[in-house]
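target-v1.cif, holding mmCIF, C-alpha atoms:
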data_my_file
loop_
_atom_site.label_atom_id
_atom_site.label_comp_id
_atom_site.auth_asym_id
_atom_site.auth_seq_id
_atom_site.Cartn_x
_atom_site.Cartn_y
_atom_site.Cartn_z
CA MET A 5 -22.93 -0.68 -63.55
CA LYS A 6 -20.84 1.79 -65.55
CA LYS A 7 -17.21 2.47 -64.66
CA LEU A 8 -15.32 5.76 -64.69
CA ILE A 9 -11.58 5.27 -64.33
CA PHE A 10 -9.04 8.00 -63.58
CA THR A 11 -5.29 7.57 -63.74
CA ILE A 12 -3.57 9.60 -61.03
CA GLY A 13 0.14 10.40 -61.06
CA CYS A 14 2.63 13.00 -62.19
CA SER A 15 3.97 13.10 -65.73
CA GLY A 16 6.38 10.25 -66.35
CA SER A 17 4.80 7.96 -63.75
CA GLY A 18 3.65 5.35 -66.28
CA LYS A 19 -0.05 6.15 -66.68
CA SER A 20 -0.23 6.17 -70.48
CA THR A 21 2.09 3.18 -70.77
CA TYR A 22 -0.17 1.23 -68.41
CA ILE A 23 -3.25 2.22 -70.38
CA LYS A 24 -1.69 1.23 -73.72
CA LYS A 25 -0.85 -2.20 -72.32
CA ASN A 26 -4.08 -2.87 -70.42
CA ILE A 27 -7.02 -0.84 -71.75
CA ASP A 28 -8.71 -0.66 -75.15
CA SER A 29 -7.96 2.75 -76.68
CA LYS A 30 -11.61 3.30 -77.62
CA LEU A 31 -12.40 3.68 -73.90
CA VAL A 32 -9.81 6.40 -73.27
CA VAL A 33 -10.14 10.18 -73.15
CA SER A 34 -6.68 11.75 -73.29
CA PRO A 35 -6.28 15.53 -73.07
CA ASP A 36 -2.80 15.11 -74.59
CA GLU A 37 -4.29 13.42 -77.66
CA ILE A 38 -6.99 16.10 -77.92
CA ARG A 39 -4.27 18.80 -77.77
CA LYS A 40 -2.42 17.04 -80.55
CA LYS A 41 -5.55 16.91 -82.74
CA ILE A 42 -6.46 20.55 -82.12
CA SER A 43 -3.03 22.19 -82.40
CA GLY A 44 -0.77 19.55 -83.91
CA ASP A 45 1.43 19.75 -80.80
CA ILE A 46 0.88 17.46 -77.82
CA SER A 47 2.70 19.98 -75.56
CA ASP A 48 0.59 23.01 -76.59
CA GLN A 49 -1.26 24.04 -73.42
CA SER A 50 -2.99 27.06 -75.00
CA GLN A 51 -6.33 25.28 -75.49
CA ASN A 52 -6.55 23.63 -72.07
CA TYR A 53 -9.65 25.56 -71.02
CA LYS A 54 -11.61 24.24 -74.03
CA ILE A 55 -10.22 20.75 -73.67
CA TRP A 56 -11.11 20.42 -69.99
CA ARG A 57 -14.59 21.80 -70.59
CA ALA A 58 -15.15 19.01 -73.14
CA VAL A 59 -13.71 16.16 -71.05
CA PRO A 60 -16.83 15.35 -68.94
CA GLU A 61 -19.02 15.06 -72.04
CA LEU A 62 -16.45 12.90 -73.83
CA LEU A 63 -16.26 10.61 -70.80
CA ARG A 64 -20.04 10.40 -70.58
CA ARG A 65 -20.33 9.46 -74.26
CA LYS A 66 -17.83 6.63 -73.83
CA MET A 67 -19.65 5.35 -70.74
CA GLU A 68 -22.96 5.43 -72.60
CA LYS A 69 -21.50 3.56 -75.57
CA TYR A 70 -19.15 1.10 -73.84
CA GLY A 71 -20.05 1.15 -70.15
CA ILE A 72 -16.50 2.26 -69.28
CA ALA A 73 -14.54 5.48 -69.73
CA VAL A 74 -10.94 6.14 -68.78
CA LEU A 75 -9.40 9.57 -68.21
CA ASP A 76 -5.70 9.43 -69.08
CA ALA A 77 -4.36 12.56 -67.38
CA THR A 78 -2.25 13.43 -64.35
CA ASN A 79 -5.34 14.13 -62.19
CA VAL A 80 -3.02 15.05 -59.31
CA ASP A 81 -5.04 18.01 -57.98
CA THR A 82 -7.87 17.05 -55.61
CA LYS A 83 -10.04 20.03 -56.59
CA ASP A 84 -9.57 19.46 -60.32
CA ARG A 85 -10.48 15.77 -59.92
CA GLN A 86 -13.57 16.75 -57.99
CA LYS A 87 -14.70 19.19 -60.68
CA ILE A 88 -14.87 16.31 -63.14
CA LEU A 89 -16.28 13.81 -60.65
CA ASN A 90 -19.11 16.23 -59.87
CA HIS A 91 -20.44 15.55 -63.38
CA PHE A 92 -20.84 11.87 -62.47
CA GLN A 93 -22.89 11.65 -59.29
CA ASP A 94 -25.10 8.89 -60.73
CA ASN A 95 -25.42 5.90 -58.43
CA ASP A 96 -24.86 3.53 -61.34
CA ILE A 97 -21.29 4.75 -61.96
CA LYS A 98 -18.42 3.11 -60.10
CA LYS A 99 -15.51 5.52 -59.78
CA ILE A 100 -12.10 3.86 -59.89
CA ALA A 101 -8.64 5.40 -59.46
CA ILE A 102 -5.45 3.82 -60.71
CA VAL A 103 -2.67 5.49 -58.74
CA PHE A 104 0.94 5.78 -59.92
CA ASN A 105 3.26 6.91 -57.13
CA ILE A 106 6.78 7.61 -58.38
CA ASP A 107 9.86 9.51 -57.27
CA PRO A 108 9.95 12.89 -59.08
CA ASP A 109 13.55 12.36 -60.22
CA GLU A 110 12.61 9.06 -61.86
CA ALA A 111 9.63 10.73 -63.55
CA LYS A 112 11.92 13.45 -64.94
CA LYS A 113 14.34 10.83 -66.27
CA ARG A 114 11.51 8.98 -68.00
CA VAL A 115 10.17 12.12 -69.65
CA ARG A 116 13.64 13.16 -70.87
CA LYS A 117 14.34 9.65 -72.17
CA ASP A 118 11.03 9.58 -74.07
CA ILE A 119 11.67 12.99 -75.63
CA GLU A 120 15.24 12.07 -76.58
CA SER A 121 13.95 8.81 -78.10
CA GLY A 122 11.47 10.72 -80.27
CA ILE A 123 8.37 9.45 -78.47
CA ASP A 124 5.42 11.75 -79.12
CA ARG A 125 4.60 12.83 -75.59
CA SER A 126 4.16 16.08 -73.78
CA ASN A 127 7.55 17.67 -73.06
CA VAL A 128 6.94 18.46 -69.41
CA PRO A 129 9.66 20.61 -67.78
CA ASP A 130 11.25 19.48 -64.52
CA TYR A 131 9.66 22.30 -62.50
CA ALA A 132 6.20 21.22 -63.69
CA ILE A 133 6.84 17.61 -62.67
CA ASP A 134 7.96 18.84 -59.23
CA ARG A 135 4.74 20.86 -58.94
CA GLN A 136 2.61 17.90 -60.06
CA CYS A 137 4.30 15.55 -57.60
CA LYS A 138 3.72 18.04 -54.77
CA LYS A 139 0.01 18.28 -55.64
CA PHE A 140 -0.10 14.48 -55.81
CA ARG A 141 1.40 14.15 -52.32
CA ASP A 142 -0.79 16.95 -50.90
CA GLY A 143 -3.97 15.29 -52.19
CA TYR A 144 -2.96 11.67 -51.72
CA ASN A 145 -5.27 11.07 -48.75
CA ASP A 146 -8.24 12.48 -50.68
CA ILE A 147 -8.06 9.78 -53.34
CA GLU A 148 -9.64 7.12 -51.11
CA LYS A 149 -12.47 9.54 -50.28
CA GLN A 150 -13.19 10.48 -53.90
CA PHE A 151 -13.27 7.00 -55.46
CA ASP A 152 -15.18 3.79 -54.82
CA LYS A 153 -12.11 1.69 -55.59
CA VAL A 154 -8.40 2.54 -55.66
CA ILE A 155 -5.79 0.44 -57.44
CA TYR A 156 -2.13 1.11 -56.73
CA ALA A 157 -0.12 0.36 -59.87
#

Write out the structure in this file as structure tokens.
Amino acid sequence: MKKLIFTIGCSGSGKSTYIKKNIDSKLVVSPDEIRKKISGDISDQSQNYKIWRAVPELLRRKMEKYGIAVLDATNVDTKDRQKILNHFQDNDIKKIAIVFNIDPDEAKKRVRKDIESGIDRSNVPDYAIDRQCKKFRDGYNDIEKQFDKVIYA
């Protein structure tokens, strides 16, 4: 059985750090990394439409090659998650969520600290983290319905 894994949590919640420590990078699709390759700037949101159109195919290719694909993104919006999940209705794909629930103020501190330390990460403004965390809370109960297995990190 193939596995499709989504990280779910606002910016600064520890998703990418978790992935770097626990998952082989060849299995990961990261919109941030795609942004960086396309524009040279991990924070450049101008190509998001193209990036998100390509994500399902990139995930499918990794699943075909390795049996597992991981989407390293916030994935906080229920409807946006579902748009991607709709591409993977096959019965032989187990859908797994790794959920990162964090206080928005702590997430903001982490992002600021990373930026100040020169870590190459998306420079997400505080208002955007607040918005992401609200979407996360609003759609929290939907996670169990959308995935076959949920892991709380």

Using only C-alpha atoms, which of A:His91, A:Ile42, A:Ser20, A:Gln51 sits nearest Leu75 in chain A?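 Residue with the minimum atom-to-atom distance to Leu75 in chain A: A:Ser20.
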
Surrounding residues of Asp36 in chain A excluding itself and chain neighbours under 6 positions, 12 Å, only C-alpha atoms, as an MDAnalysis selection string: chainID A and resid 15 20 42:52 55:56 59 75:78 124:128

For CA of Arg114 in chain A and CA of Gly16 in chain A, determine how far apart the two atoms are, in Å to one decimal place. 5.5 Å

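You will find CA of Leu31 in chain A at 9.9 Å from CA of Leu8 in chain A.
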
Name the residues in contact with range 92-96 of chain A at a cut-off of 10 Å, using only C-alpha atoms, excluding same-chain residues fewer than 6 positions from it; report them as JSON, numbers by chain. {"A": [5, 6, 7, 8, 60, 63, 64, 86]}

Work out how far apart CA of Val32 in chain A and CA of Tyr144 in chain A are and give it in Å to one decimal. 23.2 Å

Care to translate the PyMOL selection byres ((chain A and resi 23-29) around 12) into actual residues of this file, as a ChimeraX atom specification? /A:9-12,17-22,30-34,37,66,70,72-77,102,104,157

Smallest atom-to-atom distance to Ala111 in chain A: which of A:Lys99, A:Lys41, A:Gln150, A:Cys137, using all atoms listed in the file? A:Cys137

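Minimum atom-to-atom distances from A:Glu110, A:Asp81, A:Asp130, A:Glu68 to Ile97 in chain A were compared using all atoms listed in the file, and the lowest value belongs to A:Glu68.
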
Given all atoms listed in the file as the counted atoms, nearest of A:Asp146, A:Tyr156, A:Lys138, A:Arg57 to Lys87 in chain A: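 Closest to Lys87 in chain A of all the choices is A:Arg57.
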
With distances taken over all atoms listed in the file, which residue among A:Glu120, A:Arg39, A:Gly13, A:Phe151 lies nearest Lys98 in chain A? A:Phe151

Put a box with edges along x, y and z around all the listed atoms of range 65-82 of chain A, pad it by 4 Å on each side, then give me its centre and sizes in Å, one decimal, as lines of an AutoDock Vina configuration file.
center_x = -12.6
center_y = 9.6
center_z = -65.6
size_x = 28.7
size_y = 24.9
size_z = 28.0
